[in-house]
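Asker: What follows is protein_32.cif; its format and atoms are mmCIF, C-alpha atoms.
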data_run
loop_
_atom_site.label_atom_id
_atom_site.label_comp_id
_atom_site.auth_asym_id
_atom_site.auth_seq_id
_atom_site.Cartn_x
_atom_site.Cartn_y
_atom_site.Cartn_z
CA MET A 576 161.07 172.75 104.05
CA ALA A 577 158.19 174.33 102.20
CA LYS A 578 155.30 174.87 104.55
CA GLY A 579 152.86 174.00 101.78
CA SER A 580 154.32 170.52 101.11
CA SER A 581 152.10 167.43 100.95
CA VAL A 582 154.11 165.87 103.77
CA GLN A 583 153.45 168.83 106.06
CA ALA A 584 149.75 168.74 105.18
CA LEU A 585 149.70 165.01 105.97
CA TYR A 586 151.36 165.57 109.34
CA ASP A 587 148.98 168.42 110.22
CA LEU A 588 145.92 166.34 109.39
CA CYS A 589 147.24 163.27 111.23
CA LYS A 590 147.92 165.38 114.32
CA LYS A 591 144.40 166.79 114.19
CA THR A 592 142.84 163.38 113.57
CA PHE A 593 144.79 161.06 115.88
CA THR A 594 145.72 163.24 118.87
CA PRO A 595 145.49 162.38 121.73
CA PRO A 596 146.72 158.77 121.36
CA GLY A 597 143.85 156.37 120.76
CA ASN A 598 141.52 159.09 119.51
CA VAL A 599 138.85 157.46 117.35
CA ALA A 600 138.92 159.09 113.93
CA SER A 601 135.62 160.03 112.32
CA PRO A 602 134.75 158.64 108.86
CA GLN A 603 134.98 162.21 107.53
CA ALA A 604 138.52 162.61 108.90
CA ILE A 605 139.58 159.29 107.36
CA ARG A 606 138.18 160.37 103.99
CA LYS A 607 140.17 163.61 104.18
CA LEU A 608 143.35 161.67 104.94
CA CYS A 609 142.69 159.30 102.04
CA SER A 610 142.14 162.20 99.66
CA LEU A 611 145.42 163.75 100.76
CA LEU A 612 147.33 160.47 100.48
CA ASP A 613 145.81 159.71 97.09
CA ALA A 614 147.40 162.90 95.74
CA ILE A 615 150.90 162.12 97.02
CA GLY A 616 153.41 160.71 94.53
CA PRO A 617 157.03 159.55 94.78
CA ALA A 618 158.47 163.00 94.05
CA ASP A 619 156.49 164.51 96.95
CA VAL A 620 158.49 162.36 99.39
CA GLY A 621 161.86 162.59 97.68
CA LEU A 622 161.70 159.30 95.77
CA LYS A 623 162.01 158.41 92.13
CA GLU A 624 160.14 155.44 90.70
CA GLU A 625 162.26 152.31 90.49
CA ARG A 626 162.48 150.54 87.16
CA PRO A 627 161.49 146.84 87.29
CA GLU A 628 165.04 145.77 86.41
CA ASP A 629 166.53 147.88 89.22
CA ASP A 630 165.92 146.06 92.51
CA ARG A 631 168.33 147.92 94.74
CA GLY A 632 165.65 149.74 96.72
CA HIS A 633 166.10 153.21 98.18
CA GLY A 634 168.07 154.86 100.90
CA PHE A 635 171.36 154.41 102.70
CA PHE A 636 171.47 150.94 104.22
CA GLY A 637 172.53 151.37 107.80
CA GLN A 638 172.31 149.30 110.95
CA ASN A 639 169.84 146.45 110.97
CA LEU A 640 166.75 147.53 112.91
CA PHE A 641 166.77 144.17 114.67
CA GLY A 642 170.33 144.52 115.96
CA ASN A 643 173.80 143.47 114.91
CA HIS A 644 173.60 139.74 115.59
CA HIS A 645 172.23 139.13 112.08
CA SER A 646 174.74 141.44 110.40
CA ASN A 647 176.64 138.72 108.54
CA ARG A 648 173.47 137.27 107.10
CA VAL A 649 172.20 140.74 106.20
CA ALA A 650 175.43 141.48 104.32
CA ARG A 651 174.84 138.43 102.16
CA TRP A 652 171.26 139.47 101.42
CA ALA A 653 171.70 142.01 98.63
CA GLN A 654 168.13 143.27 98.43
CA PRO A 655 166.82 144.34 101.86
CA ILE A 656 163.54 146.08 102.52
CA THR A 657 164.20 149.62 103.71
CA TYR A 658 162.11 151.85 105.95
CA LEU A 659 162.22 155.63 105.65
CA ASP A 660 161.09 157.31 108.86
CA ILE A 661 159.27 160.58 108.16
CA TYR A 662 157.72 161.26 111.57
CA GLU A 663 156.80 159.38 114.73
CA CYS A 664 155.13 160.20 118.02
CA GLU A 665 152.98 158.34 120.54
CA SER A 666 149.83 159.08 118.50
CA PHE A 667 150.92 158.09 114.99
CA THR A 668 153.82 157.32 112.70
CA ILE A 669 154.41 158.23 109.05
CA GLY A 670 156.94 156.24 107.06
CA ILE A 671 157.73 154.54 103.77
CA PHE A 672 158.58 150.90 103.09
CA CYS A 673 160.68 150.35 99.93
CA LEU A 674 160.55 146.76 98.72
CA PRO A 675 162.66 145.14 95.98
CA THR A 676 160.98 142.63 93.67
CA SER A 677 159.77 139.41 95.38
CA SER A 678 160.45 140.70 98.90
CA VAL A 679 157.75 139.94 101.47
CA ILE A 680 156.45 141.54 104.63
CA PRO A 681 154.86 138.42 106.15
CA LEU A 682 151.33 138.11 107.50
CA HIS A 683 151.07 140.23 110.65
CA ASP A 684 148.49 142.10 112.72
CA HIS A 685 147.84 145.67 113.87
CA PRO A 686 146.19 145.35 117.31
CA GLY A 687 143.93 148.31 118.13
CA MET A 688 145.34 150.28 115.21
CA THR A 689 144.12 152.12 112.13
CA VAL A 690 146.50 151.95 109.16
CA LEU A 691 146.39 153.87 105.88
CA SER A 692 148.63 152.62 103.07
CA LYS A 693 149.35 154.38 99.78
CA ILE A 694 151.40 152.61 97.08
CA LEU A 695 153.69 155.29 95.66
CA TYR A 696 155.07 153.28 92.75
CA GLY A 697 155.22 149.71 91.50
CA SER A 698 152.95 146.70 91.99
CA MET A 699 152.27 144.94 95.28
CA HIS A 700 150.24 141.85 96.09
CA ILE A 701 148.15 142.19 99.24
CA LYS A 702 146.54 139.36 101.17
CA ALA A 703 144.46 140.47 104.15
CA TYR A 704 142.22 138.89 106.77
CA ASP A 705 139.97 139.91 109.65
CA TRP A 706 139.22 137.69 112.63
CA VAL A 707 135.89 135.92 112.58
CA GLU A 708 133.73 137.06 115.49
CA PRO A 709 132.73 135.52 117.81
CA SER A 710 136.17 133.98 117.96
CA SER A 711 136.50 130.42 116.67
CA VAL A 712 139.60 128.62 117.92
CA GLN A 713 140.83 125.10 117.21
CA ARG A 714 143.36 123.48 119.53
CA VAL A 715 145.43 120.70 118.00
CA ASP A 716 146.95 118.36 120.58
CA GLY A 717 150.06 116.25 120.21
CA PRO A 718 153.81 116.83 120.18
CA ASP A 719 153.36 119.85 117.90
CA TYR A 720 150.50 121.35 119.90
CA PHE A 721 149.21 124.59 118.47
CA SER A 722 146.17 126.83 118.52
CA ALA A 723 144.55 128.14 115.34
CA ARG A 724 142.02 130.95 115.05
CA LEU A 725 139.55 131.38 112.23
CA ALA A 726 139.86 134.44 109.98
CA LYS A 727 137.98 135.63 106.91
CA LEU A 728 139.74 136.71 103.74
CA GLN A 729 139.22 140.40 102.96
CA ALA A 730 141.64 140.89 100.08
CA ASP A 731 143.80 138.75 97.81
CA THR A 732 144.78 141.08 95.00
CA THR A 733 147.57 142.96 93.28
CA LEU A 734 147.54 146.76 93.37
CA THR A 735 149.54 148.89 90.96
CA ALA A 736 150.26 152.59 91.41
CA PRO A 737 148.52 154.93 90.96
CA CYS A 738 145.70 153.43 93.02
CA PRO A 739 143.52 154.53 95.94
CA THR A 740 144.74 154.45 99.53
CA THR A 741 143.79 151.32 101.46
CA ILE A 742 142.56 151.47 105.06
CA LEU A 743 142.46 148.87 107.78
CA TYR A 744 140.78 149.28 111.15
CA PRO A 745 141.20 147.42 114.47
CA LYS A 746 138.43 144.96 113.58
CA ALA A 747 137.75 145.48 109.88
CA GLY A 748 139.31 146.19 106.52
CA GLY A 749 141.94 143.45 106.70
CA ASN A 750 143.72 144.10 110.01
CA LEU A 751 146.06 141.16 109.35
CA HIS A 752 147.90 141.48 106.07
CA CYS A 753 150.86 140.35 104.01
CA PHE A 754 152.69 142.38 101.34
CA THR A 755 154.60 140.84 98.42
CA ALA A 756 156.45 143.06 95.93
CA VAL A 757 155.54 142.07 92.36
CA THR A 758 157.91 144.78 91.10
CA PRO A 759 160.10 147.23 93.02
CA CYS A 760 157.54 149.23 94.99
CA ALA A 761 157.15 151.71 97.82
CA VAL A 762 154.25 152.15 100.21
CA LEU A 763 153.60 155.18 102.41
CA ASP A 764 152.11 154.08 105.73
CA VAL A 765 150.30 155.97 108.48
CA LEU A 766 149.87 153.92 111.69
CA ALA A 767 147.65 155.28 114.45
CA PRO A 768 148.49 154.61 117.18
CA PRO A 769 151.86 152.99 116.41
CA TYR A 770 153.09 149.65 117.75
CA GLU A 771 153.90 149.91 121.46
CA GLU A 772 154.62 146.80 123.50
CA ALA A 773 153.89 148.48 126.83
CA ALA A 774 150.42 149.39 125.58
CA GLY A 775 149.71 145.87 124.30
CA ARG A 776 150.23 146.76 120.62
CA THR A 777 152.80 144.12 119.74
CA CYS A 778 153.28 142.93 116.17
CA THR A 779 152.42 139.22 115.91
CA TYR A 780 153.19 137.11 112.84
CA TYR A 781 150.99 134.32 111.51
CA HIS A 782 150.89 131.49 109.01
CA ASP A 783 147.61 130.89 107.23
CA TYR A 784 146.24 127.40 106.54
CA PRO A 785 143.27 126.51 104.33
CA TYR A 786 139.98 126.06 106.15
CA SER A 787 139.92 122.37 105.19
CA THR A 788 143.22 121.77 107.03
CA LEU A 789 141.45 121.11 110.33
CA PRO A 790 138.88 118.29 110.04
CA ALA A 791 136.96 119.36 113.14
CA ALA A 792 136.31 122.84 111.78
CA ASP A 793 133.03 124.52 112.62
CA GLU A 794 130.24 124.82 110.09
CA LEU A 795 130.16 127.93 107.90
CA PRO A 796 126.47 128.36 107.03
CA GLY A 797 126.10 130.52 103.93
CA GLU A 798 129.86 131.12 103.73
CA LYS A 799 132.49 129.82 101.31
CA GLU A 800 135.26 127.70 102.79
CA GLU A 801 137.81 129.22 100.39
CA ASP A 802 137.11 132.65 101.92
CA HIS A 803 138.34 131.47 105.32
CA ALA A 804 141.63 130.32 106.78
CA TRP A 805 143.08 129.18 110.09
CA LEU A 806 145.80 131.48 111.36
CA VAL A 807 148.55 130.14 113.61
CA LYS A 808 151.01 132.38 115.47
CA VAL A 809 154.64 132.00 114.41
CA GLU A 810 157.91 133.44 115.61
CA SER A 811 159.22 136.61 114.01
CA PRO A 812 160.62 135.41 110.66
CA ASP A 813 164.40 134.90 110.63
CA ASP A 814 164.69 136.15 107.07
CA LEU A 815 162.82 139.43 107.57
CA TYR A 816 165.24 142.34 107.59
CA ILE A 817 163.96 145.87 107.45
CA LEU A 818 166.81 148.33 107.39
CA PRO A 819 166.63 152.08 108.04
CA GLY A 820 167.05 154.22 104.94
CA LYS A 821 167.71 157.92 104.59
CA TYR A 822 164.59 159.98 103.97
CA ASN A 823 165.34 162.77 101.52
CA GLY A 824 161.90 164.33 101.20
CA PRO A 825 160.39 167.42 102.82
CA ARG A 826 160.73 167.55 106.59
CA VAL A 827 157.85 167.99 108.98
CA LEU A 828 157.54 171.15 111.07
CA ALA A 829 156.04 169.63 114.22
#
Any chance you could give the structure as structure tokens?

Answerer:
Amino acid sequence: MAKGSSVQALYDLCKKTFTPPGNVASPQAIRKLCSLLDAIGPADVGLKEERPEDDRGHGFFGQNLFGNHHSNRVARWAQPITYLDIYECESFTIGIFCLPTSSVIPLHDHPGMTVLSKILYGSMHIKAYDWVEPSSVQRVDGPDYFSARLAKLQADTTLTAPCPTTILYPKAGGNLHCFTAVTPCAVLDVLAPPYEEAAGRTCTYYHDYPYSTLPAADELPGEKEEDHAWLVKVESPDDLYILPGKYNGPRVLA
């Protein structure tokens, strides 16, 4: 690969910024990463922009990342989300999600993580929350007992490429988010550090309920109810299939 590629520059800066694992990035370093990501387009990572009427996504659809037991159902689902792995290590990962129209990556969290996302092409709706601190939890008793935690809406908008890189932090910037593809789209993600169950960074999925859903909700002095929601943990969605695709862009010289 060409040493001067944008992908190599991104890797070099990520290594400098996020190594060793858990290294707290300075605001200046994050700005440099954003500037670099802002300049990256589909061609820089070996992609071509999908036309709205072409929902096939990118890459060679291989084994389901979640195992073979869903293979029959996957085969019937003609428009999977694909993930193109560019680089991964214990400090950070760089990869691309390619989403066909109307596909959804459900509401999920990024515990202790910083995530930079750059939409390469297409339009994507983003809904994002941060937990309200101090934590406000409602416990609903009965046969369908559940616990709900209060979160504040940080974003509920549609972004269309080209647009600036978005950033979420462990406790700010919309650490819990949901992506919905308005058109075929691709998003380049940097996760630092990556998910790691042994380190307590497990991906948890949630369903959001309007603030008014729970009658015993706490007061919100000076705050709008519509800017808040109760989030309830849910099982990993049965209909979420993210398949590995073949990355055809410049390789990283690690």

Asker: Might you spell out which residues the PyMOL selection byres ((chain A and resi 754) around 8) would select in the displayed file, as a VMD selection string?

Answerer: chain A and resid 679 to 682 699 to 702 752 to 753 755 to 756

Asker: Could you give me, as a list in words, the residues that sit within 8 Å of (150.1, 152.4, 92.8) in the file's coordinates, counting only C-alpha atoms?

Answerer: Lys693, Ile694, Leu695, Tyr696, Gly697, Ser698, Leu734, Thr735, Ala736, Pro737, Cys738 and Pro739 of chain A

Asker: With distances taken over all atoms listed in the file, which of A:Asp619, A:Ala730, A:Glu708, A:Ala767 is nearest to Asn598 (chain A)?

Answerer: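 Using all atoms listed in the file, the shortest distance to Asn598 (chain A) belongs to A:Ala767.
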
Asker: Hey, can you check how far CA of Phe672 (chain A) sits from CA of Ile817 (chain A)?

Answerer: 8.6 Å

Asker: Would you kindly return, as a PyMOL selection string, each protein, DNA or RNA residue with an atom no farther than 8 Å from any atom of Pro596 (chain A), considering all atoms listed in the file and excluding same-chain residues fewer than 4 positions away?

Answerer: chain A and resi 665-667+767-768

Asker: So what do you get for CA of Glu663 (chain A) versus CA of Gln583 (chain A), distance-wise?

Answerer: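 Pair CA of Glu663 (chain A) / CA of Gln583 (chain A) returns 13.3 Å.
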
Asker: Could you tell me, as a ChimeraX atom specification, exactly which residues end up selected when the PyMOL selection byres ((chain A and resi 796-812) around 9) is applied to this structure?

Answerer: /A:681,704,707,712-713,721-729,778-789,794-795,813-816

Asker: How about saving the chosen residues, C-alpha atoms kept, as a compact mmCIF listing (two decimals), keeping the file's coordinate frame?

Answerer:
# COMPACT_ATOMS: atom_id res chain seq x y z
CA PRO A 681 154.86 138.42 106.15
CA TYR A 704 142.22 138.89 106.77
CA VAL A 707 135.89 135.92 112.58
CA VAL A 712 139.60 128.62 117.92
CA GLN A 713 140.83 125.10 117.21
CA PHE A 721 149.21 124.59 118.47
CA SER A 722 146.17 126.83 118.52
CA ALA A 723 144.55 128.14 115.34
CA ARG A 724 142.02 130.95 115.05
CA LEU A 725 139.55 131.38 112.23
CA ALA A 726 139.86 134.44 109.98
CA LYS A 727 137.98 135.63 106.91
CA LEU A 728 139.74 136.71 103.74
CA GLN A 729 139.22 140.40 102.96
CA CYS A 778 153.28 142.93 116.17
CA THR A 779 152.42 139.22 115.91
CA TYR A 780 153.19 137.11 112.84
CA TYR A 781 150.99 134.32 111.51
CA HIS A 782 150.89 131.49 109.01
CA ASP A 783 147.61 130.89 107.23
CA TYR A 784 146.24 127.40 106.54
CA PRO A 785 143.27 126.51 104.33
CA TYR A 786 139.98 126.06 106.15
CA SER A 787 139.92 122.37 105.19
CA THR A 788 143.22 121.77 107.03
CA LEU A 789 141.45 121.11 110.33
CA GLU A 794 130.24 124.82 110.09
CA LEU A 795 130.16 127.93 107.90
CA ASP A 813 164.40 134.90 110.63
CA ASP A 814 164.69 136.15 107.07
CA LEU A 815 162.82 139.43 107.57
CA TYR A 816 165.24 142.34 107.59

Asker: Identify which of the residues A:Lys607, A:Arg826, A:Arg714, A:Lys591 lies closest to Gly670 (chain A), counting only C-alpha atoms when measuring atom-to-atom distances.

Answerer: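 Among A:Lys607, A:Arg826, A:Arg714, A:Lys591, it is A:Arg826 that comes nearest to Gly670 (chain A).
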
Asker: Apply the PyMOL selection byres ((chain A and resi 608) around 10) to the displayed file and report the matching residues as a list in words.

Answerer: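 Against this file, the PyMOL selection byres ((chain A and resi 608) around 10) returns the residues Ala584, Leu585, Tyr586, Leu588, Cys589, Thr592, Pro602, Gln603, Ala604, Ile605, Arg606, Lys607, Cys609, Ser610, Leu611, Leu612, Asp613, Leu691, Thr740 and Val765 of chain A.
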
Asker: The selected residues should be written to file as a compact mmCIF listing (two decimals), in the frame of the given file (atoms: C-alpha atoms).

Answerer:
# COMPACT_ATOMS: atom_id res chain seq x y z
CA ALA A 584 149.75 168.74 105.18
CA LEU A 585 149.70 165.01 105.97
CA TYR A 586 151.36 165.57 109.34
CA LEU A 588 145.92 166.34 109.39
CA CYS A 589 147.24 163.27 111.23
CA THR A 592 142.84 163.38 113.57
CA PRO A 602 134.75 158.64 108.86
CA GLN A 603 134.98 162.21 107.53
CA ALA A 604 138.52 162.61 108.90
CA ILE A 605 139.58 159.29 107.36
CA ARG A 606 138.18 160.37 103.99
CA LYS A 607 140.17 163.61 104.18
CA CYS A 609 142.69 159.30 102.04
CA SER A 610 142.14 162.20 99.66
CA LEU A 611 145.42 163.75 100.76
CA LEU A 612 147.33 160.47 100.48
CA ASP A 613 145.81 159.71 97.09
CA LEU A 691 146.39 153.87 105.88
CA THR A 740 144.74 154.45 99.53
CA VAL A 765 150.30 155.97 108.48

Asker: Do you have the CA of Tyr770 (chain A)-CA of Ser692 (chain A) distance handy?

Answerer: 15.6 Å

Asker: Please determine the residues with any atom at most 7 Å from (144.8, 153.9, 113.9) (coordinates as given in the file, with all atoms listed in the file counting) and report them as a VMD selection string.

Answerer: chain A and resid 688 to 690 744 766 to 768

Asker: Which one is closest to Thr777 (chain A): A:Cys673, A:His685, A:Gly621, A:Gln654? Count all atoms listed in the file.

Answerer: A:His685

Asker: Counting all atoms listed in the file, figure out which residue out of A:Gly579, A:Pro686, A:Gly616, A:Pro709 gets nearest to Gly597 (chain A).

Answerer: A:Pro686

Asker: Compare A:Tyr658, A:Gly820, A:Thr668, A:Glu624 by their minimum atom-to-atom distance to Thr594 (chain A), counting only C-alpha atoms, and give me the closest one.

Answerer: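 Checking each of A:Tyr658, A:Gly820, A:Thr668, A:Glu624 against Thr594 (chain A), counting only C-alpha atoms, the winner is A:Thr668.
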
Asker: List the neighbours of Ile671 (chain A) out to 8 Å using all atoms listed in the file; skip same-chain residues closer than 6 positions along the sequence, and give me the result as a VMD selection string.

Answerer: chain A and resid 658 to 661 761 to 764

Asker: Let's have the selection written as an mmCIF file, in the coordinates of the input, with C-alpha atoms.

Answerer:
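Output below, filename again_25.cif:
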data_model
loop_
_atom_site.group_PDB
_atom_site.id
_atom_site.type_symbol
_atom_site.label_atom_id
_atom_site.label_comp_id
_atom_site.auth_asym_id
_atom_site.auth_seq_id
_atom_site.Cartn_x
_atom_site.Cartn_y
_atom_site.Cartn_z
ATOM 1 C CA TYR A 658 162.110 151.850 105.950
ATOM 2 C CA LEU A 659 162.220 155.630 105.650
ATOM 3 C CA ASP A 660 161.090 157.310 108.860
ATOM 4 C CA ILE A 661 159.270 160.580 108.160
ATOM 5 C CA ALA A 761 157.150 151.710 97.820
ATOM 6 C CA VAL A 762 154.250 152.150 100.210
ATOM 7 C CA LEU A 763 153.600 155.180 102.410
ATOM 8 C CA ASP A 764 152.110 154.080 105.730
#

Asker: For Val620 (chain A), which residue out of A:Arg776, A:Ser581, A:Pro759, A:Lys590 is the nearest one, using only C-alpha atoms?

Answerer: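 Closest residue, counting only C-alpha atoms: A:Ser581.
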